[in-house]
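File shown here: entry.cif, holding mmCIF, C-alpha atoms; chains and numbers go by the auth columns.
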```cif
data_protein
loop_
_atom_site.group_PDB
_atom_site.id
_atom_site.type_symbol
_atom_site.label_atom_id
_atom_site.label_comp_id
_atom_site.label_asym_id
_atom_site.label_seq_id
_atom_site.Cartn_x
_atom_site.Cartn_y
_atom_site.Cartn_z
_atom_site.B_iso_or_equiv
_atom_site.auth_seq_id
_atom_site.auth_asym_id
ATOM 1 C CA MET A 1 104.779 19.612 3.507 0.00 1 I
ATOM 2 C CA PRO A 2 105.703 15.940 3.032 0.00 2 I
ATOM 3 C CA LYS A 3 103.026 13.401 2.189 0.00 3 I
ATOM 4 C CA LEU A 4 102.657 10.656 4.796 0.00 4 I
ATOM 5 C CA MET A 5 101.088 7.197 4.620 0.00 5 I
ATOM 6 C CA THR A 6 99.986 4.895 7.387 0.00 6 I
ATOM 7 C CA ILE A 7 100.867 1.242 6.782 0.00 7 I
ATOM 8 C CA THR A 8 98.987 -1.269 8.915 0.00 8 I
ATOM 9 C CA LEU A 9 99.029 -4.970 9.638 0.00 9 I
ATOM 10 C CA GLU A 10 95.314 -5.071 10.349 0.00 10 I
ATOM 11 C CA ARG A 11 94.874 -8.264 12.388 0.00 11 I
ATOM 12 C CA ARG A 12 97.914 -7.524 14.533 0.00 12 I
ATOM 13 C CA GLY A 13 96.760 -3.933 15.067 0.00 13 I
ATOM 14 C CA VAL A 14 100.200 -2.485 14.313 0.00 14 I
ATOM 15 C CA SER A 15 100.858 0.589 12.166 0.00 15 I
ATOM 16 C CA CYS A 16 103.785 2.693 11.080 0.00 16 I
ATOM 17 C CA VAL A 17 104.085 5.974 9.204 0.00 17 I
ATOM 18 C CA ALA A 18 106.027 6.377 5.965 0.00 18 I
ATOM 19 C CA GLU A 19 107.052 9.567 4.177 0.00 19 I
ATOM 20 C CA LEU A 20 106.746 9.571 0.394 0.00 20 I
ATOM 21 C CA LEU A 21 110.019 10.274 -1.438 0.00 21 I
ATOM 22 C CA GLU A 22 108.523 12.613 -4.017 0.00 22 I
ATOM 23 C CA LYS A 23 111.871 13.975 -5.233 0.00 23 I
ATOM 24 C CA ASP A 24 113.351 10.508 -5.791 0.00 24 I
ATOM 25 C CA ALA A 25 110.298 8.664 -7.161 0.00 25 I
ATOM 26 C CA PRO A 26 107.748 11.272 -8.284 0.00 26 I
ATOM 27 C CA ARG A 27 105.790 9.053 -10.718 0.00 27 I
ATOM 28 C CA THR A 28 105.495 6.191 -8.248 0.00 28 I
ATOM 29 C CA CYS A 29 104.537 8.515 -5.383 0.00 29 I
ATOM 30 C CA GLU A 30 101.849 10.208 -7.461 0.00 30 I
ATOM 31 C CA ALA A 31 100.370 6.904 -8.676 0.00 31 I
ATOM 32 C CA VAL A 32 100.251 5.406 -5.179 0.00 32 I
ATOM 33 C CA TRP A 33 99.000 8.608 -3.521 0.00 33 I
ATOM 34 C CA GLN A 34 96.138 8.964 -5.996 0.00 34 I
ATOM 35 C CA ALA A 35 95.124 5.311 -5.526 0.00 35 I
ATOM 36 C CA LEU A 36 95.144 5.253 -1.688 0.00 36 I
ATOM 37 C CA PRO A 37 93.730 3.492 0.239 0.00 37 I
ATOM 38 C CA LEU A 38 95.243 0.230 -1.014 0.00 38 I
ATOM 39 C CA GLY A 39 95.748 -3.163 0.521 0.00 39 I
ATOM 40 C CA GLY A 40 95.121 -6.857 0.545 0.00 40 I
ATOM 41 C CA ASP A 41 96.236 -10.146 2.008 0.00 41 I
ATOM 42 C CA ALA A 42 99.661 -9.945 3.644 0.00 42 I
ATOM 43 C CA TYR A 43 102.480 -12.333 2.754 0.00 43 I
ATOM 44 C CA HIS A 44 105.993 -12.734 4.069 0.00 44 I
ATOM 45 C CA ALA A 45 108.707 -13.089 1.428 0.00 45 I
ATOM 46 C CA LYS A 46 110.357 -16.454 0.956 0.00 46 I
ATOM 47 C CA TYR A 47 113.561 -15.313 -0.747 0.00 47 I
ATOM 48 C CA ALA A 48 114.015 -11.556 -0.264 0.00 48 I
ATOM 49 C CA ARG A 49 114.363 -12.081 3.495 0.00 49 I
ATOM 50 C CA ASN A 50 112.795 -9.337 5.684 0.00 50 I
ATOM 51 C CA GLU A 51 109.839 -8.311 3.541 0.00 51 I
ATOM 52 C CA VAL A 52 106.081 -8.253 4.026 0.00 52 I
ATOM 53 C CA TYR A 53 103.980 -7.459 0.977 0.00 53 I
ATOM 54 C CA THR A 54 100.572 -7.514 -0.633 0.00 54 I
ATOM 55 C CA MET A 55 99.654 -8.120 -4.276 0.00 55 I
ATOM 56 C CA ILE A 56 96.967 -5.906 -5.781 0.00 56 I
ATOM 57 C CA GLU A 57 95.518 -5.132 -9.181 0.00 57 I
ATOM 58 C CA ARG A 58 97.279 -2.516 -11.254 0.00 58 I
ATOM 59 C CA PHE A 59 95.893 0.912 -10.420 0.00 59 I
ATOM 60 C CA ALA A 60 97.870 3.478 -12.452 0.00 60 I
ATOM 61 C CA GLU A 61 96.542 4.576 -15.831 0.00 61 I
ATOM 62 C CA GLU A 62 100.071 4.284 -17.189 0.00 62 I
ATOM 63 C CA GLU A 63 102.865 2.099 -15.824 0.00 63 I
ATOM 64 C CA VAL A 64 105.320 4.252 -13.852 0.00 64 I
ATOM 65 C CA GLY A 65 108.481 2.397 -14.901 0.00 65 I
ATOM 66 C CA LEU A 66 111.648 2.171 -12.851 0.00 66 I
ATOM 67 C CA GLU A 67 112.692 5.105 -10.689 0.00 67 I
ATOM 68 C CA ASN A 68 114.836 5.124 -7.574 0.00 68 I
ATOM 69 C CA PRO A 69 115.325 1.365 -8.043 0.00 69 I
ATOM 70 C CA THR A 70 117.042 -1.011 -5.686 0.00 70 I
ATOM 71 C CA VAL A 71 117.832 -4.713 -5.375 0.00 71 I
ATOM 72 C CA THR A 72 119.165 -4.260 -1.825 0.00 72 I
ATOM 73 C CA PRO A 73 116.391 -2.587 0.203 0.00 73 I
ATOM 74 C CA ILE A 74 117.203 -1.460 3.726 0.00 74 I
ATOM 75 C CA PRO A 75 115.037 -1.464 6.862 0.00 75 I
ATOM 76 C CA GLY A 76 112.236 1.060 6.463 0.00 76 I
ATOM 77 C CA ASP A 77 112.164 1.017 2.658 0.00 77 I
ATOM 78 C CA VAL A 78 108.682 0.958 1.116 0.00 78 I
ATOM 79 C CA VAL A 79 108.921 -0.515 -2.358 0.00 79 I
ATOM 80 C CA TYR A 80 106.692 -0.781 -5.457 0.00 80 I
ATOM 81 C CA PHE A 81 107.062 -3.657 -7.911 0.00 81 I
ATOM 82 C CA SER A 82 105.132 -4.158 -11.134 0.00 82 I
ATOM 83 C CA PHE A 83 104.933 -7.711 -12.425 0.00 83 I
ATOM 84 C CA ALA A 84 103.589 -8.674 -15.831 0.00 84 I
ATOM 85 C CA GLY A 85 101.326 -11.710 -15.710 0.00 85 I
ATOM 86 C CA GLY A 86 103.859 -13.873 -17.520 0.00 86 I
ATOM 87 C CA MET A 87 106.548 -13.210 -14.916 0.00 87 I
ATOM 88 C CA LEU A 88 104.668 -15.007 -12.144 0.00 88 I
ATOM 89 C CA ASP A 89 104.346 -18.776 -12.274 0.00 89 I
ATOM 90 C CA ARG A 90 100.928 -20.411 -12.557 0.00 90 I
ATOM 91 C CA ARG A 91 100.932 -21.972 -9.099 0.00 91 I
ATOM 92 C CA PHE A 92 101.879 -18.674 -7.420 0.00 92 I
ATOM 93 C CA LYS A 93 99.117 -16.806 -9.279 0.00 93 I
ATOM 94 C CA GLU A 94 96.508 -19.418 -8.370 0.00 94 I
ATOM 95 C CA GLU A 95 97.644 -19.516 -4.737 0.00 95 I
ATOM 96 C CA LYS A 96 97.181 -15.738 -4.437 0.00 96 I
ATOM 97 C CA ASN A 97 94.024 -15.715 -6.607 0.00 97 I
ATOM 98 C CA ILE A 98 95.561 -13.364 -9.181 0.00 98 I
ATOM 99 C CA HIS A 99 95.677 -15.847 -12.083 0.00 99 I
ATOM 100 C CA ALA A 100 93.140 -13.915 -14.182 0.00 100 I
ATOM 101 C CA LEU A 101 95.005 -10.581 -13.994 0.00 101 I
ATOM 102 C CA PRO A 102 97.346 -9.422 -16.805 0.00 102 I
ATOM 103 C CA GLY A 103 99.773 -8.218 -14.157 0.00 103 I
ATOM 104 C CA VAL A 104 99.934 -7.129 -10.541 0.00 104 I
ATOM 105 C CA ILE A 105 101.462 -4.540 -8.276 0.00 105 I
ATOM 106 C CA ASP A 106 103.417 -5.716 -5.252 0.00 106 I
ATOM 107 C CA LEU A 107 103.547 -3.164 -2.430 0.00 107 I
ATOM 108 C CA ALA A 108 106.202 -4.149 0.087 0.00 108 I
ATOM 109 C CA ILE A 109 107.824 -3.004 3.274 0.00 109 I
ATOM 110 C CA PHE A 110 111.280 -4.084 4.383 0.00 110 I
ATOM 111 C CA TYR A 111 111.853 -4.318 8.105 0.00 111 I
ATOM 112 C CA GLY A 112 115.307 -5.804 8.568 0.00 112 I
ATOM 113 C CA ARG A 113 118.796 -5.939 7.082 0.00 113 I
ATOM 114 C CA ASN A 114 120.469 -8.131 4.451 0.00 114 I
ATOM 115 C CA ASN A 115 117.693 -8.160 1.845 0.00 115 I
ATOM 116 C CA LEU A 116 118.490 -9.195 -1.701 0.00 116 I
ATOM 117 C CA LEU A 117 115.968 -9.044 -4.537 0.00 117 I
ATOM 118 C CA LEU A 118 117.153 -12.029 -6.532 0.00 118 I
ATOM 119 C CA ASN A 119 114.721 -14.596 -7.949 0.00 119 I
ATOM 120 C CA GLY A 120 116.153 -17.939 -9.010 0.00 120 I
ATOM 121 C CA ASP A 121 113.832 -18.110 -12.029 0.00 121 I
ATOM 122 C CA VAL A 122 114.222 -14.613 -13.475 0.00 122 I
ATOM 123 C CA GLY A 123 117.284 -13.025 -11.850 0.00 123 I
ATOM 124 C CA TRP A 124 117.426 -9.556 -10.312 0.00 124 I
ATOM 125 C CA VAL A 125 114.066 -7.992 -9.433 0.00 125 I
ATOM 126 C CA PRO A 126 114.512 -4.234 -8.922 0.00 126 I
ATOM 127 C CA GLY A 127 111.779 -2.294 -7.186 0.00 127 I
ATOM 128 C CA ASN A 128 111.027 1.417 -6.798 0.00 128 I
ATOM 129 C CA VAL A 129 111.791 2.795 -3.338 0.00 129 I
ATOM 130 C CA TYR A 130 109.056 5.413 -3.059 0.00 130 I
ATOM 131 C CA ALA A 131 108.732 5.925 0.705 0.00 131 I
ATOM 132 C CA THR A 132 110.610 5.438 3.949 0.00 132 I
ATOM 133 C CA ILE A 133 109.190 4.508 7.332 0.00 133 I
ATOM 134 C CA VAL A 134 109.720 7.476 9.661 0.00 134 I
ATOM 135 C CA ASP A 135 107.751 6.332 12.723 0.00 135 I
ATOM 136 C CA GLY A 136 106.985 2.916 14.176 0.00 136 I
ATOM 137 C CA LEU A 137 109.540 0.753 12.366 0.00 137 I
ATOM 138 C CA ASP A 138 110.454 -1.128 15.566 0.00 138 I
ATOM 139 C CA ARG A 139 106.837 -2.092 16.294 0.00 139 I
ATOM 140 C CA MET A 140 106.211 -2.957 12.642 0.00 140 I
ATOM 141 C CA ALA A 141 109.400 -5.050 12.451 0.00 141 I
ATOM 142 C CA GLU A 142 108.274 -7.072 15.459 0.00 142 I
ATOM 143 C CA ALA A 143 104.844 -7.633 13.880 0.00 143 I
ATOM 144 C CA CYS A 144 106.389 -8.536 10.498 0.00 144 I
ATOM 145 C CA ASN A 145 108.673 -11.043 12.185 0.00 145 I
ATOM 146 C CA ASP A 146 105.555 -12.537 13.797 0.00 146 I
ATOM 147 C CA VAL A 147 104.043 -12.924 10.313 0.00 147 I
ATOM 148 C CA TRP A 148 107.178 -14.920 9.431 0.00 148 I
ATOM 149 C CA ARG A 149 107.104 -17.079 12.571 0.00 149 I
ATOM 150 C CA SER A 150 103.352 -17.460 13.170 0.00 150 I
ATOM 151 C CA GLY A 151 102.035 -17.141 9.618 0.00 151 I
ATOM 152 C CA GLY A 152 100.088 -14.579 7.688 0.00 152 I
ATOM 153 C CA ALA A 153 96.747 -16.369 7.303 0.00 153 I
ATOM 154 C CA GLY A 154 93.992 -13.821 7.804 0.00 154 I
ATOM 155 C CA GLU A 155 96.406 -10.875 7.930 0.00 155 I
ATOM 156 C CA ARG A 156 95.976 -7.827 5.686 0.00 156 I
ATOM 157 C CA LEU A 157 98.539 -5.165 4.799 0.00 157 I
ATOM 158 C CA LEU A 158 96.849 -1.790 4.340 0.00 158 I
ATOM 159 C CA TYR A 159 98.163 1.532 3.000 0.00 159 I
ATOM 160 C CA SER A 160 96.281 4.786 3.583 0.00 160 I
ATOM 161 C CA ARG A 161 96.882 8.513 3.723 0.00 161 I
ATOM 162 C CA ALA A 162 98.054 9.534 7.172 0.00 162 I
ATOM 163 C CA GLU A 163 95.671 11.815 9.000 0.00 163 I
ATOM 164 C CA SER A 164 97.187 15.213 9.694 0.00 164 I
#
```

Let me see the file written as structure tokens.
Amino acid sequence: MPKLMTITLERRGVSCVAELLEKDAPRTCEAVWQALPLGGDAYHAKYARNEVYTMIERFAEEEVGLENPTVTPIPGDVVYFSFAGGMLDRRFKEEKNIHALPGVIDLAIFYGRNNLLLNGDVGWVPGNVYATIVDGLDRMAEACNDVWRSGGAGERLLYSRAES
């Protein structure tokens, strides 16, 4: 039986369901599954294009490393990034109140086409595709686009185990 997560934009009251890709990203799936529920302030990407994400403290006992990586996520991809503290610039860390952490985890969903994970400061930024949205992508895409157009202030992106 596949493991399912519910991903919610809390203030907008919109959720979707994602299936974990346990065969493709077993370490990432296990780390995320064991840590659920997870979430925090929602942000819309500036450079990657159609991405909404949250930054949270590291939660795995051991870093999972790269598995099932991509730099060109497609609509419905749910992606895990691990950033060492030194990779993020000071202003960004202060803005997101993560400046005291040695590193962070970025949990992201991609809701549209033509995404490219390229950072002008550090180059390619591969992430682990560990789940795919199997229900509600259209509603979530509309809500994510509203985060882009209307802003994300006060919005939270939450990940939890789907109720069976």

Next on the checklist: Need to verify the contact set: I:Ala45, 12 Å, only C-alpha atoms, exclusion of same-chain residues closer than 6 positions in sequence. Can you return it as a list in words?
Outcome noted: Glu51, Val52, Tyr53, Thr54, Met55, Asp106, Leu107, Ala108, Ile109, Phe110, Tyr111, Asn115, Leu116, Leu117, Leu118, Asn119, Cys144, Asn145, Val147, Trp148, Arg149, Gly151 and Gly152 of chain I

Atoms kept (C-alpha atoms) for selection, written as a tab-separated table (two decimals), in the coordinates of the input:
```tsv
chain	number	residue	atom	x	y	z
I	51	GLU	CA	109.84	-8.31	3.54
I	52	VAL	CA	106.08	-8.25	4.03
I	53	TYR	CA	103.98	-7.46	0.98
I	54	THR	CA	100.57	-7.51	-0.63
I	55	MET	CA	99.65	-8.12	-4.28
I	106	ASP	CA	103.42	-5.72	-5.25
I	107	LEU	CA	103.55	-3.16	-2.43
I	108	ALA	CA	106.20	-4.15	0.09
I	109	ILE	CA	107.82	-3.00	3.27
I	110	PHE	CA	111.28	-4.08	4.38
I	111	TYR	CA	111.85	-4.32	8.10
I	115	ASN	CA	117.69	-8.16	1.84
I	116	LEU	CA	118.49	-9.20	-1.70
I	117	LEU	CA	115.97	-9.04	-4.54
I	118	LEU	CA	117.15	-12.03	-6.53
I	119	ASN	CA	114.72	-14.60	-7.95
I	144	CYS	CA	106.39	-8.54	10.50
I	145	ASN	CA	108.67	-11.04	12.18
I	147	VAL	CA	104.04	-12.92	10.31
I	148	TRP	CA	107.18	-14.92	9.43
I	149	ARG	CA	107.10	-17.08	12.57
I	151	GLY	CA	102.04	-17.14	9.62
I	152	GLY	CA	100.09	-14.58	7.69
```

Box for stretch 63-82 of chain I: with edges along x, y and z, all listed atoms inside and 5 Å added on each side, what are the centre and edge lengths in Å to one decimal, as JSON?
```
{"center_x": 111.0, "center_y": 0.2, "center_z": -4.5, "size_x": 26.3, "size_y": 19.8, "size_z": 32.7}
```

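For the pair atom CA of I:Gly76 and atom CA of I:Cys16, the separation is 9.8 Å.
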
Next on the checklist: Which residues, named as in the file, does the PyMOL selection byres ((chain I and resi 39) around 8) pick out? Answer as a ChimeraX atom specification.
Outcome noted: /I:37-38,40-41,54-56,156-159

Checklist entry - Could you spell out the hits of the PyMOL selection byres ((chain I and resi 18-23) around 12) on the shown file, as a PyMOL selection string? => result chain I and resi 1-8+15-17+24-33+67-68+75-80+109-110+128-137+140+159-162

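For the pair atom CA of I:Ala35 and atom CA of I:Thr70, the interatomic distance is 22.8 Å.
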
Checklist entry - What is the atom CA of I:Thr72 to atom CA of I:Lys93 distance in Å? => result 24.8 Å

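Remark: for I:Glu155, the closest of the candidate residues I:Arg11, I:Lys46, I:His99, I:Arg139 is I:Arg11 (distances computed over only C-alpha atoms).
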
Neighbours of point (102.0, -6.2, -13.9) within 12 Å, using only C-alpha atoms, written as a CSV table (one decimal) with C-alpha atoms, in the frame of the given file:
```
chain,number,residue,atom,x,y,z
I,55,MET,CA,99.7,-8.1,-4.3
I,56,ILE,CA,97.0,-5.9,-5.8
I,57,GLU,CA,95.5,-5.1,-9.2
I,58,ARG,CA,97.3,-2.5,-11.3
I,59,PHE,CA,95.9,0.9,-10.4
I,60,ALA,CA,97.9,3.5,-12.5
I,62,GLU,CA,100.1,4.3,-17.2
I,63,GLU,CA,102.9,2.1,-15.8
I,64,VAL,CA,105.3,4.3,-13.9
I,65,GLY,CA,108.5,2.4,-14.9
I,80,TYR,CA,106.7,-0.8,-5.5
I,81,PHE,CA,107.1,-3.7,-7.9
I,82,SER,CA,105.1,-4.2,-11.1
I,83,PHE,CA,104.9,-7.7,-12.4
I,84,ALA,CA,103.6,-8.7,-15.8
I,85,GLY,CA,101.3,-11.7,-15.7
I,86,GLY,CA,103.9,-13.9,-17.5
I,87,MET,CA,106.5,-13.2,-14.9
I,88,LEU,CA,104.7,-15.0,-12.1
I,93,LYS,CA,99.1,-16.8,-9.3
I,98,ILE,CA,95.6,-13.4,-9.2
I,99,HIS,CA,95.7,-15.8,-12.1
I,100,ALA,CA,93.1,-13.9,-14.2
I,101,LEU,CA,95.0,-10.6,-14.0
I,102,PRO,CA,97.3,-9.4,-16.8
I,103,GLY,CA,99.8,-8.2,-14.2
I,104,VAL,CA,99.9,-7.1,-10.5
I,105,ILE,CA,101.5,-4.5,-8.3
I,106,ASP,CA,103.4,-5.7,-5.3
I,107,LEU,CA,103.5,-3.2,-2.4
```

Item to check | From I:Asp146, I:Tyr47, I:Glu95, I:Gln34, residue lying nearest I:Gly123 [all atoms listed in the file] | outcome: I:Tyr47

Can you patch up stretch 138-149 of chain I, filling it in to all heavy atoms, and show the result as a PDB file, in the frame of the given file?
```
ATOM      1  N   ASP I 138     110.185  -0.073  14.587  1.00  0.00           N
ATOM      2  CA  ASP I 138     110.454  -1.128  15.566  1.00  0.00           C
ATOM      3  C   ASP I 138     109.220  -1.989  15.822  1.00  0.00           C
ATOM      4  O   ASP I 138     109.300  -3.221  15.814  1.00  0.00           O
ATOM      5  CB  ASP I 138     110.960  -0.533  16.879  1.00  0.00           C
ATOM      6  CG  ASP I 138     112.357   0.052  16.769  1.00  0.00           C
ATOM      7  OD1 ASP I 138     113.047  -0.222  15.764  1.00  0.00           O
ATOM      8  OD2 ASP I 138     112.764   0.782  17.684  1.00  0.00           O
ATOM      9  N   ARG I 139     108.086  -1.348  16.053  1.00  0.00           N
ATOM     10  CA  ARG I 139     106.837  -2.092  16.294  1.00  0.00           C
ATOM     11  C   ARG I 139     106.440  -2.894  15.054  1.00  0.00           C
ATOM     12  O   ARG I 139     106.017  -4.045  15.158  1.00  0.00           O
ATOM     13  CB  ARG I 139     105.690  -1.134  16.649  1.00  0.00           C
ATOM     14  CG  ARG I 139     105.825  -0.441  17.981  1.00  0.00           C
ATOM     15  CD  ARG I 139     104.600   0.432  18.295  1.00  0.00           C
ATOM     16  NE  ARG I 139     104.169   1.308  17.212  1.00  0.00           N
ATOM     17  CZ  ARG I 139     104.641   2.528  16.993  1.00  0.00           C
ATOM     18  NH1 ARG I 139     105.580   3.031  17.756  1.00  0.00           N
ATOM     19  NH2 ARG I 139     104.179   3.256  15.995  1.00  0.00           N
ATOM     20  N   MET I 140     106.584  -2.268  13.872  1.00  0.00           N
ATOM     21  CA  MET I 140     106.211  -2.957  12.642  1.00  0.00           C
ATOM     22  C   MET I 140     107.146  -4.133  12.383  1.00  0.00           C
ATOM     23  O   MET I 140     106.702  -5.208  11.960  1.00  0.00           O
ATOM     24  CB  MET I 140     106.214  -1.977  11.461  1.00  0.00           C
ATOM     25  CG  MET I 140     105.740  -2.601  10.154  1.00  0.00           C
ATOM     26  SD  MET I 140     104.076  -3.312  10.203  1.00  0.00           S
ATOM     27  CE  MET I 140     103.077  -1.849  10.013  1.00  0.00           C
ATOM     28  N   ALA I 141     108.434  -3.961  12.655  1.00  0.00           N
ATOM     29  CA  ALA I 141     109.400  -5.050  12.451  1.00  0.00           C
ATOM     30  C   ALA I 141     109.047  -6.244  13.328  1.00  0.00           C
ATOM     31  O   ALA I 141     109.104  -7.404  12.878  1.00  0.00           O
ATOM     32  CB  ALA I 141     110.816  -4.562  12.739  1.00  0.00           C
ATOM     33  N   GLU I 142     108.668  -5.989  14.548  1.00  0.00           N
ATOM     34  CA  GLU I 142     108.274  -7.072  15.459  1.00  0.00           C
ATOM     35  C   GLU I 142     107.041  -7.802  14.919  1.00  0.00           C
ATOM     36  O   GLU I 142     106.974  -9.031  14.926  1.00  0.00           O
ATOM     37  CB  GLU I 142     107.993  -6.475  16.835  1.00  0.00           C
ATOM     38  CG  GLU I 142     107.872  -7.485  17.936  1.00  0.00           C
ATOM     39  CD  GLU I 142     107.746  -6.816  19.296  1.00  0.00           C
ATOM     40  OE1 GLU I 142     108.609  -5.978  19.644  1.00  0.00           O
ATOM     41  OE2 GLU I 142     106.768  -7.136  20.000  1.00  0.00           O
ATOM     42  N   ALA I 143     106.059  -7.038  14.435  1.00  0.00           N
ATOM     43  CA  ALA I 143     104.844  -7.633  13.880  1.00  0.00           C
ATOM     44  C   ALA I 143     105.144  -8.399  12.589  1.00  0.00           C
ATOM     45  O   ALA I 143     104.600  -9.483  12.367  1.00  0.00           O
ATOM     46  CB  ALA I 143     103.793  -6.556  13.632  1.00  0.00           C
ATOM     47  N   CYS I 144     106.018  -7.852  11.737  1.00  0.00           N
ATOM     48  CA  CYS I 144     106.389  -8.536  10.498  1.00  0.00           C
ATOM     49  C   CYS I 144     107.114  -9.843  10.801  1.00  0.00           C
ATOM     50  O   CYS I 144     106.884 -10.863  10.135  1.00  0.00           O
ATOM     51  CB  CYS I 144     107.269  -7.637   9.633  1.00  0.00           C
ATOM     52  SG  CYS I 144     106.404  -6.252   8.873  1.00  0.00           S
ATOM     53  N   ASN I 145     107.986  -9.825  11.792  1.00  0.00           N
ATOM     54  CA  ASN I 145     108.673 -11.043  12.185  1.00  0.00           C
ATOM     55  C   ASN I 145     107.665 -12.077  12.691  1.00  0.00           C
ATOM     56  O   ASN I 145     107.827 -13.282  12.459  1.00  0.00           O
ATOM     57  CB  ASN I 145     109.736 -10.751  13.245  1.00  0.00           C
ATOM     58  CG  ASN I 145     110.646 -11.927  13.446  1.00  0.00           C
ATOM     59  OD1 ASN I 145     111.288 -12.393  12.513  1.00  0.00           O
ATOM     60  ND2 ASN I 145     110.694 -12.425  14.668  1.00  0.00           N
ATOM     61  N   ASP I 146     106.603 -11.625  13.351  1.00  0.00           N
ATOM     62  CA  ASP I 146     105.555 -12.537  13.797  1.00  0.00           C
ATOM     63  C   ASP I 146     104.805 -13.134  12.604  1.00  0.00           C
ATOM     64  O   ASP I 146     104.389 -14.293  12.658  1.00  0.00           O
ATOM     65  CB  ASP I 146     104.585 -11.823  14.744  1.00  0.00           C
ATOM     66  CG  ASP I 146     103.593 -12.785  15.359  1.00  0.00           C
ATOM     67  OD1 ASP I 146     104.036 -13.770  16.011  1.00  0.00           O
ATOM     68  OD2 ASP I 146     102.378 -12.586  15.162  1.00  0.00           O
ATOM     69  N   VAL I 147     104.642 -12.364  11.534  1.00  0.00           N
ATOM     70  CA  VAL I 147     104.043 -12.924  10.313  1.00  0.00           C
ATOM     71  C   VAL I 147     104.923 -14.068   9.809  1.00  0.00           C
ATOM     72  O   VAL I 147     104.427 -15.116   9.400  1.00  0.00           O
ATOM     73  CB  VAL I 147     103.857 -11.837   9.223  1.00  0.00           C
ATOM     74  CG1 VAL I 147     103.422 -12.452   7.899  1.00  0.00           C
ATOM     75  CG2 VAL I 147     102.857 -10.775   9.671  1.00  0.00           C
ATOM     76  N   TRP I 148     106.238 -13.873   9.862  1.00  0.00           N
ATOM     77  CA  TRP I 148     107.178 -14.920   9.431  1.00  0.00           C
ATOM     78  C   TRP I 148     107.051 -16.154  10.321  1.00  0.00           C
ATOM     79  O   TRP I 148     106.935 -17.273   9.855  1.00  0.00           O
ATOM     80  CB  TRP I 148     108.602 -14.369   9.473  1.00  0.00           C
ATOM     81  CG  TRP I 148     109.665 -15.400   9.269  1.00  0.00           C
ATOM     82  CD1 TRP I 148     110.531 -15.884  10.200  1.00  0.00           C
ATOM     83  CD2 TRP I 148     109.980 -16.081   8.054  1.00  0.00           C
ATOM     84  NE1 TRP I 148     111.358 -16.814   9.646  1.00  0.00           N
ATOM     85  CE2 TRP I 148     111.036 -16.963   8.329  1.00  0.00           C
ATOM     86  CE3 TRP I 148     109.461 -16.042   6.767  1.00  0.00           C
ATOM     87  CZ2 TRP I 148     111.600 -17.793   7.367  1.00  0.00           C
ATOM     88  CZ3 TRP I 148     110.021 -16.869   5.803  1.00  0.00           C
ATOM     89  CH2 TRP I 148     111.069 -17.720   6.100  1.00  0.00           C
ATOM     90  N   ARG I 149     107.074 -15.956  11.635  1.00  0.00           N
ATOM     91  CA  ARG I 149     107.104 -17.079  12.571  1.00  0.00           C
ATOM     92  C   ARG I 149     105.740 -17.730  12.775  1.00  0.00           C
ATOM     93  O   ARG I 149     105.644 -18.946  12.875  1.00  0.00           O
ATOM     94  CB  ARG I 149     107.666 -16.631  13.901  1.00  0.00           C
ATOM     95  CG  ARG I 149     109.113 -16.177  13.757  1.00  0.00           C
ATOM     96  CD  ARG I 149     109.865 -16.049  15.046  1.00  0.00           C
ATOM     97  NE  ARG I 149     109.555 -17.028  16.047  1.00  0.00           N
ATOM     98  CZ  ARG I 149     110.273 -18.127  16.278  1.00  0.00           C
ATOM     99  NH1 ARG I 149     111.328 -18.389  15.566  1.00  0.00           N
ATOM    100  NH2 ARG I 149     109.929 -18.948  17.245  1.00  0.00           N
TER     101      ARG I 149
END
```
